[in-house]
Structures are given as structure tokens and as C-alpha cells.
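K.L.:
The structure file final.tsv (TSV, C-alpha atoms) is provided below.
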```tsv
chain	number	residue	atom	x	y	z
A	194	MET	CA	85.13	111.33	64.19
A	195	ALA	CA	86.59	114.64	65.18
A	196	ALA	CA	84.19	117.40	66.15
A	197	PRO	CA	83.38	119.70	63.24
A	198	LEU	CA	85.28	122.95	63.42
A	199	TRP	CA	85.04	126.23	61.59
A	200	ARG	CA	88.45	127.57	60.74
A	201	ARG	CA	89.11	131.22	60.11
A	202	GLY	CA	92.20	132.16	58.22
A	203	LEU	CA	94.53	129.93	56.26
A	204	THR	CA	94.91	126.38	57.34
A	205	ALA	CA	98.38	125.22	58.26
A	206	ALA	CA	99.56	122.52	55.94
A	207	PRO	CA	103.02	121.01	55.98
A	208	TRP	CA	103.40	121.47	52.24
A	209	THR	CA	102.91	125.26	52.15
A	210	ARG	CA	106.06	126.67	50.77
A	211	GLY	CA	107.75	129.71	52.14
A	212	SER	CA	109.10	130.36	55.54
A	213	PHE	CA	106.28	132.66	56.51
A	214	SER	CA	103.67	129.93	56.33
A	215	TRP	CA	103.75	129.69	60.09
A	216	LEU	CA	102.55	133.30	60.31
A	217	LEU	CA	99.52	132.58	58.18
A	218	SER	CA	98.73	129.31	59.93
A	219	CYS	CA	97.30	130.86	63.11
A	220	SER	CA	93.73	129.69	62.91
A	221	ARG	CA	90.90	130.13	65.33
A	222	ALA	CA	88.54	127.25	65.66
A	223	ILE	CA	85.13	127.28	67.24
A	224	GLN	CA	83.41	124.14	68.44
A	225	THR	CA	79.97	124.33	66.97
A	226	THR	CA	78.41	121.23	68.41
A	227	ALA	CA	77.19	121.13	72.00
A	228	VAL	CA	78.97	117.87	72.66
A	229	CYS	CA	80.48	117.53	76.17
A	230	HIS	CA	79.54	121.08	77.08
A	231	LYS	CA	77.13	120.11	79.81
A	232	ASN	CA	77.80	117.83	82.72
A	233	ARG	CA	75.46	114.90	82.88
A	234	ALA	CA	76.94	112.95	85.78
A	235	ALA	CA	74.48	111.86	88.50
A	236	ARG	CA	71.94	114.47	87.45
A	237	VAL	CA	68.24	114.00	86.84
A	238	ARG	CA	67.24	116.26	83.97
A	239	VAL	CA	64.33	118.62	84.50
A	240	GLY	CA	61.13	117.37	82.86
A	241	LYS	CA	57.44	118.18	82.79
A	242	GLY	CA	57.00	118.01	86.57
A	243	ASP	CA	55.67	114.47	86.81
A	244	LYS	CA	58.91	112.64	87.67
A	245	PRO	CA	59.22	111.94	91.42
A	246	VAL	CA	62.74	112.27	92.71
A	247	THR	CA	64.30	111.51	96.11
A	248	TYR	CA	66.64	113.89	97.98
A	249	GLU	CA	69.63	111.82	96.94
A	250	GLN	CA	68.73	111.89	93.25
A	251	ALA	CA	67.71	115.55	93.19
A	252	HIS	CA	71.14	116.90	94.17
A	253	PRO	CA	74.01	116.77	91.65
A	254	PRO	CA	77.46	115.67	92.84
A	255	HIS	CA	78.90	119.12	93.50
A	256	TYR	CA	76.66	119.27	96.57
A	257	ILE	CA	78.34	116.25	98.12
A	258	ALA	CA	80.04	117.77	101.16
A	259	HIS	CA	77.48	120.57	101.42
A	260	ARG	CA	73.96	119.17	101.16
A	261	LYS	CA	74.64	115.49	100.67
A	262	GLY	CA	76.67	112.98	102.60
A	263	TRP	CA	78.75	110.12	101.35
A	264	LEU	CA	77.21	106.80	100.43
A	265	SER	CA	80.30	104.75	101.09
A	266	LEU	CA	82.47	105.51	104.12
A	267	HIS	CA	85.94	104.05	104.29
A	268	THR	CA	89.44	105.29	104.84
A	269	SER	CA	91.14	104.22	101.63
A	270	ASN	CA	90.55	107.56	99.86
A	271	LEU	CA	92.37	109.50	102.54
A	272	ASP	CA	95.85	110.86	102.05
A	273	GLY	CA	98.43	108.13	102.45
A	274	GLU	CA	95.96	105.24	102.67
A	275	GLY	CA	95.68	102.38	100.22
A	276	GLY	CA	93.15	99.83	99.04
A	277	ALA	CA	90.77	102.23	97.30
A	278	ALA	CA	90.25	100.01	94.27
A	279	GLU	CA	89.43	96.92	96.33
A	280	ARG	CA	86.93	98.83	98.47
A	281	THR	CA	85.28	100.29	95.37
A	282	VAL	CA	84.91	96.89	93.72
A	283	GLU	CA	83.44	95.47	96.92
A	284	ASP	CA	81.01	98.40	97.13
A	285	VAL	CA	79.82	97.95	93.56
A	286	PHE	CA	79.28	94.23	94.09
A	287	ILE	CA	77.38	94.76	97.35
A	288	ARG	CA	75.12	97.38	95.80
A	289	LYS	CA	74.26	95.15	92.85
A	290	PHE	CA	73.77	92.15	95.12
A	291	ILE	CA	71.36	93.93	97.42
A	292	TYR	CA	69.54	95.55	94.52
A	293	GLY	CA	68.95	92.10	93.11
A	294	THR	CA	68.16	90.29	96.37
A	295	PHE	CA	65.58	92.84	97.48
A	296	HIS	CA	64.28	93.53	94.02
A	297	GLY	CA	61.96	96.51	93.83
A	298	CYS	CA	62.11	97.08	97.57
A	299	LEU	CA	64.88	99.66	97.78
A	300	ALA	CA	63.65	103.13	98.67
A	301	ASN	CA	67.02	104.83	98.50
A	302	GLU	CA	70.69	104.19	97.82
A	303	ILE	CA	72.53	101.89	100.20
A	304	VAL	CA	74.99	103.40	102.69
A	305	LEU	CA	78.09	101.31	103.37
A	306	LYS	CA	80.13	101.89	106.51
A	307	ARG	CA	83.38	100.21	107.38
A	308	ARG	CA	84.35	100.24	111.06
A	309	ALA	CA	87.51	98.27	111.88
A	310	ASN	CA	86.71	94.82	110.50
A	311	VAL	CA	82.94	95.18	110.33
A	312	LEU	CA	81.01	96.10	107.21
A	313	VAL	CA	77.72	97.78	108.06
A	314	VAL	CA	75.18	98.01	105.25
A	315	CYS	CA	72.43	100.53	105.96
A	316	ALA	CA	69.38	100.19	103.76
A	317	VAL	CA	65.91	101.67	103.60
A	318	PHE	CA	63.32	99.28	102.16
A	319	LEU	CA	59.76	99.63	101.00
A	320	GLN	CA	57.15	97.47	102.71
A	321	ARG	CA	56.45	95.37	99.68
A	322	LEU	CA	57.26	91.99	101.18
A	323	PRO	CA	55.84	90.37	104.34
A	324	PRO	CA	58.20	90.71	107.36
A	325	TYR	CA	59.19	87.03	107.55
A	326	LYS	CA	60.53	87.23	104.02
A	327	PHE	CA	62.50	90.34	104.92
A	328	TYR	CA	64.04	88.62	107.92
A	329	PHE	CA	65.02	85.63	105.85
A	330	LEU	CA	66.60	87.76	103.11
A	331	VAL	CA	68.47	89.86	105.65
A	332	GLY	CA	69.95	86.76	107.31
A	333	TYR	CA	70.78	85.23	103.95
A	334	THR	CA	72.54	88.42	102.78
A	335	GLU	CA	74.51	88.73	106.00
A	336	THR	CA	75.79	85.15	106.02
A	337	LEU	CA	76.56	85.08	102.32
A	338	LEU	CA	78.44	88.39	102.31
A	339	SER	CA	80.38	87.56	105.46
A	340	PHE	CA	81.52	84.29	103.95
A	341	LEU	CA	82.41	86.07	100.73
A	342	TYR	CA	84.41	88.91	102.29
A	343	LYS	CA	85.71	87.04	105.36
A	344	CYS	CA	84.56	89.80	107.69
A	345	PRO	CA	81.44	90.33	109.81
A	346	VAL	CA	78.71	91.95	107.73
A	347	ARG	CA	75.76	93.61	109.44
A	348	LEU	CA	72.67	94.75	107.63
A	349	GLU	CA	70.78	97.58	109.31
A	350	VAL	CA	67.36	97.83	107.82
A	351	GLN	CA	64.65	100.42	108.03
A	352	THR	CA	61.33	100.06	106.25
A	353	VAL	CA	59.18	102.81	104.86
A	354	PRO	CA	55.66	102.53	103.38
A	355	GLU	CA	56.50	104.53	100.23
A	356	LYS	CA	59.47	106.20	98.67
A	357	VAL	CA	60.18	109.53	100.31
A	358	ILE	CA	59.83	112.03	97.50
A	359	TYR	CA	61.72	115.29	97.76
A	360	LYS	CA	60.35	116.99	94.67
A	361	TYR	CA	58.91	116.42	91.21
A	362	LEU	CA	61.08	117.27	88.21
B	1077	MET	CA	76.36	108.90	118.38
B	1078	ALA	CA	79.63	107.34	119.27
B	1079	ALA	CA	80.37	109.92	121.98
B	1080	TRP	CA	77.24	109.17	123.98
B	1081	GLY	CA	77.69	105.42	123.82
B	1082	GLY	CA	81.31	105.90	124.79
B	1083	VAL	CA	80.58	108.14	127.75
B	1084	SER	CA	77.86	105.88	129.14
B	1085	ARG	CA	80.17	102.90	128.71
B	1086	LEU	CA	82.89	104.79	130.55
B	1087	TRP	CA	80.51	105.52	133.39
B	1088	ARG	CA	79.40	101.90	133.60
B	1089	ARG	CA	82.97	100.60	133.55
B	1090	GLY	CA	83.97	103.02	136.27
B	1091	CYS	CA	81.02	102.02	138.41
B	1092	GLN	CA	81.42	98.26	138.20
B	1093	GLY	CA	84.04	98.02	140.92
B	1094	LEU	CA	82.42	100.44	143.36
B	1095	GLY	CA	79.03	100.25	144.95
B	1096	THR	CA	77.07	102.84	143.06
B	1097	PHE	CA	73.46	103.72	142.46
B	1098	PRO	CA	71.84	105.75	139.74
B	1099	VAL	CA	70.32	108.94	141.03
B	1100	ASN	CA	68.16	111.40	139.21
B	1101	TYR	CA	69.26	114.90	140.02
B	1102	SER	CA	67.06	117.85	139.34
B	1103	SER	CA	68.59	120.24	136.88
B	1104	ARG	CA	69.26	122.94	139.49
B	1105	ASP	CA	71.22	120.70	141.83
B	1106	MET	CA	73.34	119.06	139.18
B	1107	PRO	CA	76.77	120.61	138.65
B	1108	LYS	CA	77.31	122.26	135.30
B	1109	GLN	CA	79.67	119.75	133.80
B	1110	TYR	CA	77.16	116.91	134.16
B	1111	ARG	CA	74.17	118.77	132.86
B	1112	PHE	CA	74.55	117.44	129.36
B	1113	LEU	CA	74.08	113.90	130.73
B	1114	LEU	CA	70.57	114.66	132.03
B	1115	ASN	CA	68.51	113.48	129.11
B	1116	LYS	CA	70.64	110.58	128.02
B	1117	ASP	CA	72.01	108.98	131.17
B	1118	LEU	CA	71.50	108.92	134.91
B	1119	LEU	CA	74.14	110.31	137.21
B	1120	TRP	CA	75.91	107.56	139.16
B	1121	VAL	CA	76.69	108.38	142.79
B	1122	GLN	CA	78.97	106.43	145.13
B	1123	PHE	CA	77.41	105.26	148.39
B	1124	SER	CA	80.01	104.46	151.04
B	1125	GLY	CA	77.78	102.10	153.02
B	1126	PHE	CA	77.21	99.65	150.18
B	1127	HIS	CA	78.64	96.16	150.75
B	1128	THR	CA	80.09	94.44	147.70
B	1129	ASP	CA	81.11	90.82	147.31
B	1130	LEU	CA	84.85	90.70	148.04
B	1131	HIS	CA	85.51	87.49	146.10
B	1132	HIS	CA	84.23	89.11	142.96
B	1133	HIS	CA	87.03	91.70	143.12
B	1134	LYS	CA	89.81	89.15	143.65
B	1135	ASP	CA	88.80	87.08	140.64
B	1136	ASN	CA	88.73	90.11	138.36
B	1137	SER	CA	91.08	89.14	135.54
B	1138	LEU	CA	91.08	92.57	133.91
B	1139	ILE	CA	93.32	94.05	136.59
B	1140	SER	CA	96.87	92.66	136.57
B	1141	ILE	CA	99.65	93.56	138.97
B	1142	SER	CA	103.29	93.19	138.04
B	1143	ASP	CA	106.59	94.21	139.58
B	1144	GLU	CA	108.12	95.69	136.43
B	1145	PRO	CA	108.10	99.47	136.26
B	1146	ASP	CA	105.56	100.90	133.85
B	1147	THR	CA	106.84	102.54	130.66
B	1148	LEU	CA	106.58	106.31	130.62
B	1149	TYR	CA	105.63	108.46	127.70
B	1150	ARG	CA	106.61	112.10	127.54
B	1151	LYS	CA	104.25	112.83	124.64
B	1152	LEU	CA	101.48	110.91	122.92
B	1153	SER	CA	100.41	112.37	119.61
B	1154	VAL	CA	97.11	111.28	118.07
B	1155	LEU	CA	96.51	112.40	114.50
B	1156	VAL	CA	93.06	111.88	113.04
B	1157	LYS	CA	92.27	112.31	109.37
B	1158	GLY	CA	88.98	112.38	107.57
B	1159	HIS	CA	87.00	113.74	104.70
B	1160	ASP	CA	84.45	115.55	106.84
B	1161	LYS	CA	85.51	118.34	109.16
B	1162	THR	CA	82.41	118.22	111.37
B	1163	VAL	CA	82.98	114.55	112.14
B	1164	LEU	CA	86.53	115.37	113.20
B	1165	ASP	CA	85.21	118.20	115.40
B	1166	SER	CA	82.88	115.89	117.26
B	1167	TYR	CA	85.54	113.20	117.60
B	1168	GLU	CA	87.97	115.74	119.03
B	1169	TYR	CA	85.35	116.78	121.60
B	1170	PHE	CA	84.88	113.14	122.53
B	1171	ALA	CA	88.62	112.44	122.83
B	1172	VAL	CA	89.24	115.54	124.94
B	1173	LEU	CA	86.35	114.60	127.22
B	1174	ALA	CA	87.71	111.07	127.66
B	1175	ALA	CA	91.19	112.41	128.41
B	1176	LYS	CA	89.83	114.80	131.04
B	1177	GLU	CA	87.82	112.02	132.66
B	1178	LEU	CA	90.91	109.83	132.91
B	1179	GLY	CA	92.97	112.74	134.21
B	1180	ILE	CA	95.38	112.92	131.28
B	1181	SER	CA	96.93	116.33	130.72
B	1182	ILE	CA	96.47	117.68	127.22
B	1183	GLU	CA	99.37	119.59	125.77
B	1184	LYS	CA	97.75	121.07	122.71
B	1185	ILE	CA	95.07	120.45	120.12
B	1186	HIS	CA	95.81	121.81	116.69
B	1187	GLU	CA	94.52	121.44	113.18
B	1188	PRO	CA	97.16	120.83	110.51
B	1189	PRO	CA	96.20	122.32	107.12
B	1190	ARG	CA	94.08	120.17	104.84
B	1191	LYS	CA	95.47	118.40	101.79
B	1192	ILE	CA	93.60	118.28	98.50
B	1193	GLU	CA	94.53	115.71	95.87
B	1194	ARG	CA	93.23	116.73	92.45
B	1195	PHE	CA	93.34	115.00	89.10
B	1196	THR	CA	91.96	115.68	85.65
B	1197	LEU	CA	90.42	113.04	83.41
B	1198	LEU	CA	88.85	113.05	79.99
B	1199	LYS	CA	85.12	113.54	80.10
B	1200	SER	CA	84.30	111.38	77.12
B	1201	ILE	CA	85.22	107.74	76.54
B	1202	HIS	CA	86.48	108.16	72.98
B	1203	ILE	CA	87.68	111.56	71.75
B	1204	PHE	CA	87.01	115.20	72.78
B	1205	LYS	CA	90.34	115.92	74.31
B	1206	LYS	CA	89.37	119.49	75.17
B	1207	HIS	CA	86.60	118.47	77.53
B	1208	ARG	CA	87.84	117.18	80.83
B	1209	VAL	CA	86.51	116.47	84.30
B	1210	GLN	CA	88.34	117.35	87.49
B	1211	TYR	CA	88.02	115.40	90.74
B	1212	GLU	CA	89.50	116.11	94.11
B	1213	MET	CA	89.84	114.33	97.43
B	1214	ARG	CA	90.11	116.43	100.55
B	1215	THR	CA	91.75	115.18	103.71
B	1216	HIS	CA	91.29	117.17	106.91
B	1217	TYR	CA	93.50	116.60	109.94
B	1218	ARG	CA	93.25	117.06	113.68
B	1219	CYS	CA	96.15	116.49	116.06
B	1220	LEU	CA	95.74	115.87	119.76
B	1221	GLU	CA	98.90	115.90	121.86
B	1222	LEU	CA	98.89	114.47	125.36
B	1223	LYS	CA	101.76	114.61	127.80
B	1224	HIS	CA	103.19	112.64	130.70
B	1225	LEU	CA	101.41	109.33	130.41
B	1226	THR	CA	102.15	105.95	131.87
B	1227	GLY	CA	102.05	102.89	129.63
B	1228	SER	CA	98.90	101.43	131.14
B	1229	THR	CA	97.02	104.75	130.95
B	1230	ALA	CA	98.08	105.15	127.35
B	1231	ASP	CA	96.92	101.62	126.52
B	1232	VAL	CA	93.51	102.12	128.12
B	1233	TYR	CA	92.98	105.53	126.56
B	1234	LEU	CA	94.06	104.47	123.09
B	1235	GLU	CA	91.94	101.34	123.15
B	1236	TYR	CA	88.91	103.34	124.21
B	1237	ILE	CA	89.54	105.96	121.54
B	1238	GLN	CA	90.09	103.41	118.80
B	1239	ARG	CA	87.02	101.36	119.59
B	1240	ASN	CA	84.91	104.46	119.09
B	1241	LEU	CA	86.40	105.69	115.84
B	1242	PRO	CA	83.69	106.87	113.46
B	1243	GLU	CA	83.17	104.74	110.37
B	1244	GLY	CA	85.86	105.14	107.80
B	1245	VAL	CA	86.02	108.89	107.74
B	1246	ALA	CA	88.62	109.33	110.50
B	1247	MET	CA	91.81	107.36	110.70
B	1248	GLU	CA	94.36	107.41	113.48
B	1249	ILE	CA	98.13	107.53	113.57
B	1250	LYS	CA	99.88	107.32	116.90
B	1251	LYS	CA	103.34	108.68	117.57
B	1252	THR	CA	104.78	107.99	120.97
B	1253	LYS	CA	108.01	109.23	122.44
B	1254	LEU	CA	109.54	107.09	125.13
B	1255	GLU	CA	111.50	108.27	128.12
B	1256	LYS	CA	114.27	105.85	128.88
B	1257	LEU	CA	116.93	105.91	131.58
B	1258	PRO	CA	120.05	104.17	130.28
B	1259	GLU	CA	122.42	103.31	133.10
B	1260	HIS	CA	125.71	103.61	131.28
B	1261	ILE	CA	125.40	107.33	130.69
B	1262	GLN	CA	124.04	108.28	134.06
B	1263	LYS	CA	127.42	109.46	135.25
B	1264	PRO	CA	130.16	111.19	133.19
B	1265	ILE	CA	133.02	108.95	132.02
B	1266	TRP	CA	135.88	111.26	132.95
B	1267	ASP	CA	135.20	110.79	136.66
B	1268	LYS	CA	135.68	107.03	136.49
B	1269	LEU	CA	138.92	106.45	134.54
B	1270	PRO	CA	141.80	108.78	135.55
B	1271	SER	CA	144.55	106.12	135.14
B	1272	VAL	CA	144.01	105.65	131.39
B	1273	GLU	CA	144.90	109.29	130.63
B	1274	GLU	CA	148.17	109.19	132.57
B	1275	THR	CA	149.50	106.11	130.78
B	1276	ALA	CA	148.51	107.62	127.41
B	1277	THR	CA	150.47	110.81	128.10
B	1278	GLY	CA	153.41	108.75	129.36
B	1279	ALA	CA	153.40	106.71	126.12
B	1280	LEU	CA	153.44	109.86	124.02
B	1281	GLU	CA	156.48	111.22	125.83
B	1282	THR	CA	158.48	108.04	125.53
B	1283	GLY	CA	157.62	107.68	121.86
B	1284	HIS	CA	159.41	110.84	120.85
```
Output the file's structure in the form of C-alpha cells.

P.N.:
Amino acid sequence: MAAPLWRRGLTAAPWTRGSFSWLLSCSRAIQTTAVCHKNRAARVRVGKGDKPVTYEQAHPPHYIAHRKGWLSLHTSNLDGEGGAAERTVEDVFIRKFIYGTFHGCLANEIVLKRRANVLVVCAVFLQRLPPYKFYFLVGYTETLLSFLYKCPVRLEVQTVPEKVIYKYL
Amino acid sequence: MAAWGGVSRLWRRGCQGLGTFPVNYSSRDMPKQYRFLLNKDLLWVQFSGFHTDLHHHKDNSLISISDEPDTLYRKLSVLVKGHDKTVLDSYEYFAVLAAKELGISIEKIHEPPRKIERFTLLKSIHIFKKHRVQYEMRTHYRCLELKHLTGSTADVYLEYIQRNLPEGVAMEIKKTKLEKLPEHIQKPIWDKLPSVEETATGALETGH
């Protein structure tokens, strides 16, 4: 449905007779609903002050080159380079895969780095599993992803006792 | 950081063939250009009295000797592009340092203007044509021009530079200009063939 509009002046209708109907048809419309007025992308809305939020989540996307870095580093978005869609699809798959493999253990978003042929996945985990399980899952992820993408995949892991909270919103 | 790993690797590679020892210099004695290496790496010093195994040098397969003359490059232009200007700054520092260590003369380092690619999309999935979102992708450039290189120096330098490219953000394009010496134009033609002109003029006269 179209957004409701208030129209001042005469509405322009194709059946109005007379050649001066186009003069009367200038109407000013105001959008009265608040739809699409605010940006909601990648923003955590302010609440009562009990919601813990990491540094990555606390900053909206217009801070990307200023206070935040990039989560996925590859050359396909540069001027004159190709393959952006393939890299993006790979990134999405890898993020979902690691989110599922290490369920509940991710402290922060994964950083993906592509250097020549190598895919380096940098992740910060919570210490919710015993170390031998972590080692097994890391090896499993590396072999599976390298067979899937036909390139060496390295997982660089850092563990943290709890999520690092930047502020409460 | 890639620069540190690269510099220490460069030092180690350079020291493999010679007999060298690590020495810890106090900060006063160390010359200024090496002071930044103090915390991260030891300073390697060559001792002339050190005896190395001679057979080890002869079997070294990395060094190859051939009789063909090496190709010469008048100019080697390295263009690096990336999204982040600070990463390009640090990479330029690293590349200039490597070039100075290898003794390559640098012609100029300049920064071509950045390019921004912008596009506008609809904010909502269904209607609301008046509400749009704008995205942009910024590409920063840095151009390093080196002059008077031999082929082997260029190969070594470029391989070293490319192995230490930062992840994804900087990309390299190489433009080389070759200096060739073609033999057929070394001397002017009019010195060699005087007889051809005389017969041509003679033919013209007889024709009319």
C-alpha cells in the first residue's frame, strides 16, 4: 500500500476538463508516517541500560573507516577488480559455518583476511569448551573449508573468559 | 606487522652466506638508521675471521649464473591500491626501506587522487521510492617509481614486495619499461647504400 499522503490544493486527474487544469494540479504532499525515516542498519537501539554491547555492535556503519575496521578484507571491492559477489557469498557461508560449529562460543564477529591464496579466519572465542574440543573443532573447520574452497584455510583463534563489553545500552 | 617480519627476514637472508654474529649494541653506539631495530631484532655484524664451509656455498641452488646479458629496466612502476590510507602509508614505508636496502634508486613516490564509486539503492524491499540508501567504495592509490634496475634485481625486489602485501586491502599493478638495443637501427641507413640512389635517379632520367 502506498504511504498515506495529505494533499493540499486540487488533485490532478486526467479527466479534468480545461487546459488550465495543469495549473491547479500542483499539489504538495507531506509524508505523515515515520516509515523509512530512520536508518536501522547495523544499529543497536538504545534501551533501559541493561543490554550489554560489544565495541563492534555499539558503532553504527558510518563509523567504519573512522572508529571501526573492516570485518572482511579482500581486494575485489577495489576499483577495477572483480569477484566481489563470489567473495561475499564465501564470507557469508564461512560466518554461518563457524557460528554453527562453535555454537555459543563466539565473543565477537569473525574477521576474514585473504592473502594471496590463503584464507585466514581470525576468531575470538569464549572459554566455554575444554581445550581439546577446541583443537578438534579448529582442525575440523580448517580441513573442511580448505577442501571446500580449494585453498589453504587457517584459523587463528584467541580465547577470552567473557565477552568484552564496551557499554550498556 | 608485515614490515618487521620482512626486515628481519631480509637481514637473515643477507646473513646466510656470510659469517655473521648477532651483537647487542647499546643505544648510544648504534648508528641512527638502525636504532629502530633495537627492540625487535639484534644487529648482525660481519666478522672477517669466521670460517664457513665452502661446499655449502657451491651447492647453493638459489644462485644461478648464466652467460646471457640481464634485461635492463629504465623504470619500474609499482601502483598499490587499497581501501585504507594508513595501510598504504605503512606499506610505502616498507617498500621504500626495502628498495634502499637493496640499493635501488627511487625516482618518485606520489599519491594519485582517490576514486569513489557511489550508488543509490532503495531502502525498503517493497515500495517507498522516496527513501533511498547511498553506498560508496573508496579506493586510495600510491605509486612508487624506481629507475635503472636489472632484471634479477627487479625480480628479487618484486617477489619480496609481493610476499609481504597486506591482506586484501592493497593490490599491486606493475608497469615495466624495457630498454632494448635493436641492431638494425644502430647505424643510419643512408651511409650504407649509396648505389641504390644513383640507379634510381638514372632510371628517372631515362624514363622521360

K.L.:
Go through B:Gln1210, B:Lys1161, B:Thr1226, B:Lys1191 one by one, measure the shortest atom-to-atom distance of each to A:Ala258 using only C-alpha atoms, and give the residue with the smallest value.

P.N.:
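When distances to A:Ala258 are compared using only C-alpha atoms, the smallest one comes from B:Lys1161.
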
K.L.:
Residues of chain A near chain B: apply a cut-off of 6 Å, count only C-alpha atoms, and supply the list as number ranges by chain.

P.N.:
A: 266-268, 271, 306-308

K.L.:
Quote the spacing between atom CA of A:Asn270 and atom CA of A:Lys289 in Å to one decimal place.

P.N.:
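Going from atom CA of A:Asn270 over to atom CA of A:Lys289, I get 21.6 Å.
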
K.L.:
Any idea what's packed within 8 Å of B:Tyr1167, counting all atoms listed in the file, ignoring anything in its chain fewer than 3 positions away? Could you give it as a list in words?

P.N.:
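Neighbouring residues, sequence-local ones excluded: Ala1079, Val1163, Leu1164, Phe1170, Ala1171, Leu1241 and Pro1242 of chain B.
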
K.L.:
Determine, counting only C-alpha atoms, which protein, DNA and RNA residues have an atom within 10 Å of an atom of B:Lys1151; residues of the same chain fewer than 2 positions away are not included. Present the result as a CSV table (one decimal) with C-alpha atoms, in the coordinates of the input.

P.N.:
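Ended up saving to part.csv:
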```csv
chain,number,residue,atom,x,y,z
B,1148,LEU,CA,106.6,106.3,130.6
B,1149,TYR,CA,105.6,108.5,127.7
B,1153,SER,CA,100.4,112.4,119.6
B,1154,VAL,CA,97.1,111.3,118.1
B,1182,ILE,CA,96.5,117.7,127.2
B,1183,GLU,CA,99.4,119.6,125.8
B,1221,GLU,CA,98.9,115.9,121.9
B,1222,LEU,CA,98.9,114.5,125.4
B,1223,LYS,CA,101.8,114.6,127.8
B,1224,HIS,CA,103.2,112.6,130.7
B,1225,LEU,CA,101.4,109.3,130.4
B,1251,LYS,CA,103.3,108.7,117.6
B,1252,THR,CA,104.8,108.0,121.0
B,1253,LYS,CA,108.0,109.2,122.4
B,1254,LEU,CA,109.5,107.1,125.1
B,1255,GLU,CA,111.5,108.3,128.1
```

K.L.:
Mind giving me the axis-aligned box for stretch 1204-1222 of chain B with 8 Å on every side, centre plus edges in Å to one decimal, as AutoDock Vina command-line options?

P.N.:
```
--center_x 92.7 --center_y 116.9 --center_z 99.1 --size_x 28.4 --size_y 21.2 --size_z 68.6
```

K.L.:
Just to confirm, what's the straight-line distance from atom CA of A:Pro354 to atom CA of A:Ala300 in Å (one decimal)?

P.N.:
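One can read the atom CA of A:Pro354 to atom CA of A:Ala300 distance as 9.3 Å.
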
K.L.:
To one decimal in Å, tell me the separation between atom CA of A:Cys315 and atom CA of A:Ala251.

P.N.:
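Distance reported for this atom pair: 20.3 Å.
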
K.L.:
Mind checking which residues fall within 7 Å of stretch 331-335 of chain A, counting only C-alpha atoms, ignoring those fewer than 3 positions away in the same chain, and posting them as a ChimeraX atom specification?

P.N.:
/A:327-328,338-339,346-348

K.L.:
Give me a file of those residues, with C-alpha atoms, as a PDB file, in the frame of the given file.

P.N.:
```pdb
ATOM      1  CA  PHE A 327      62.500  90.340 104.920  1.00  0.00           C
ATOM      2  CA  TYR A 328      64.040  88.620 107.920  1.00  0.00           C
ATOM      3  CA  LEU A 338      78.440  88.390 102.310  1.00  0.00           C
ATOM      4  CA  SER A 339      80.380  87.560 105.460  1.00  0.00           C
ATOM      5  CA  VAL A 346      78.710  91.950 107.730  1.00  0.00           C
ATOM      6  CA  ARG A 347      75.760  93.610 109.440  1.00  0.00           C
ATOM      7  CA  LEU A 348      72.670  94.750 107.630  1.00  0.00           C
TER       8      LEU A 348
END
```

K.L.:
Counting all atoms listed in the file, what is within 7 Å of B:Tyr1211, bar same-chain residues fewer than 4 positions away, as a JSON list (two decimals) with C-alpha atoms, in the frame of the given file?

P.N.:
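Resulting contents of result-v1.json:
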```
[["chain", "number", "residue", "atom", "x", "y", "z"],
["B", 1194, "ARG", "CA", 93.23, 116.73, 92.45],
["B", 1195, "PHE", "CA", 93.34, 115.00, 89.10],
["B", 1196, "THR", "CA", 91.96, 115.68, 85.65]]
```

K.L.:
Quick one: everything within 12 Å of B:Val1232, counting all atoms listed in the file, minus sequence neighbours fewer than 3 positions away in the same chain. Send it as a short mmCIF file (atom, residue, chain, number, x, y, z; two decimals) with C-alpha atoms, in the frame of the given file.

P.N.:
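Below is the file that was written, selection-v2.cif:
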```cif
data_model
loop_
_atom_site.label_atom_id
_atom_site.label_comp_id
_atom_site.auth_asym_id
_atom_site.auth_seq_id
_atom_site.Cartn_x
_atom_site.Cartn_y
_atom_site.Cartn_z
CA LEU B 1086 82.89 104.79 130.55
CA ARG B 1089 82.97 100.60 133.55
CA LEU B 1138 91.08 92.57 133.91
CA ILE B 1139 93.32 94.05 136.59
CA ALA B 1174 87.71 111.07 127.66
CA ALA B 1175 91.19 112.41 128.41
CA LEU B 1178 90.91 109.83 132.91
CA ILE B 1180 95.38 112.92 131.28
CA LEU B 1225 101.41 109.33 130.41
CA THR B 1226 102.15 105.95 131.87
CA GLY B 1227 102.05 102.89 129.63
CA SER B 1228 98.90 101.43 131.14
CA THR B 1229 97.02 104.75 130.95
CA GLU B 1235 91.94 101.34 123.15
CA TYR B 1236 88.91 103.34 124.21
CA ILE B 1237 89.54 105.96 121.54
CA GLN B 1238 90.09 103.41 118.80
CA ARG B 1239 87.02 101.36 119.59
#
```

K.L.:
Keeping N, CA, C and O atoms (and nothing else), can you write stretch 1186-1194 of chain B of this structure as a compact mmCIF listing (two decimals), in the first residue's frame?

P.N.:
```txt
# COMPACT_ATOMS: atom_id res chain seq x y z
N HIS B 1186 54.47 9.08 -5.49
CA HIS B 1186 53.38 10.04 -5.47
C HIS B 1186 52.06 9.35 -5.21
O HIS B 1186 51.95 8.12 -5.28
N GLU B 1187 51.07 10.12 -4.87
CA GLU B 1187 49.78 9.58 -4.48
C GLU B 1187 48.74 10.05 -5.48
O GLU B 1187 48.30 11.20 -5.43
N PRO B 1188 48.34 9.19 -6.42
CA PRO B 1188 47.27 9.59 -7.34
C PRO B 1188 45.98 9.84 -6.57
O PRO B 1188 45.78 9.29 -5.49
N PRO B 1189 45.09 10.69 -7.07
CA PRO B 1189 43.88 11.02 -6.32
C PRO B 1189 42.98 9.79 -6.16
O PRO B 1189 42.97 8.90 -7.00
N ARG B 1190 42.24 9.77 -5.06
CA ARG B 1190 41.40 8.61 -4.77
C ARG B 1190 40.18 8.60 -5.68
O ARG B 1190 39.76 9.63 -6.21
N LYS B 1191 39.61 7.39 -5.84
CA LYS B 1191 38.39 7.25 -6.64
C LYS B 1191 37.29 6.73 -5.72
O LYS B 1191 37.49 5.80 -4.96
N ILE B 1192 36.12 7.36 -5.84
CA ILE B 1192 34.98 6.93 -5.02
C ILE B 1192 33.90 6.44 -5.96
O ILE B 1192 33.47 7.17 -6.86
N GLU B 1193 33.44 5.21 -5.75
CA GLU B 1193 32.34 4.69 -6.56
C GLU B 1193 31.09 4.69 -5.70
O GLU B 1193 31.04 4.03 -4.67
N ARG B 1194 30.10 5.47 -6.11
CA ARG B 1194 28.87 5.60 -5.30
C ARG B 1194 27.68 5.04 -6.05
O ARG B 1194 27.59 5.16 -7.26
```
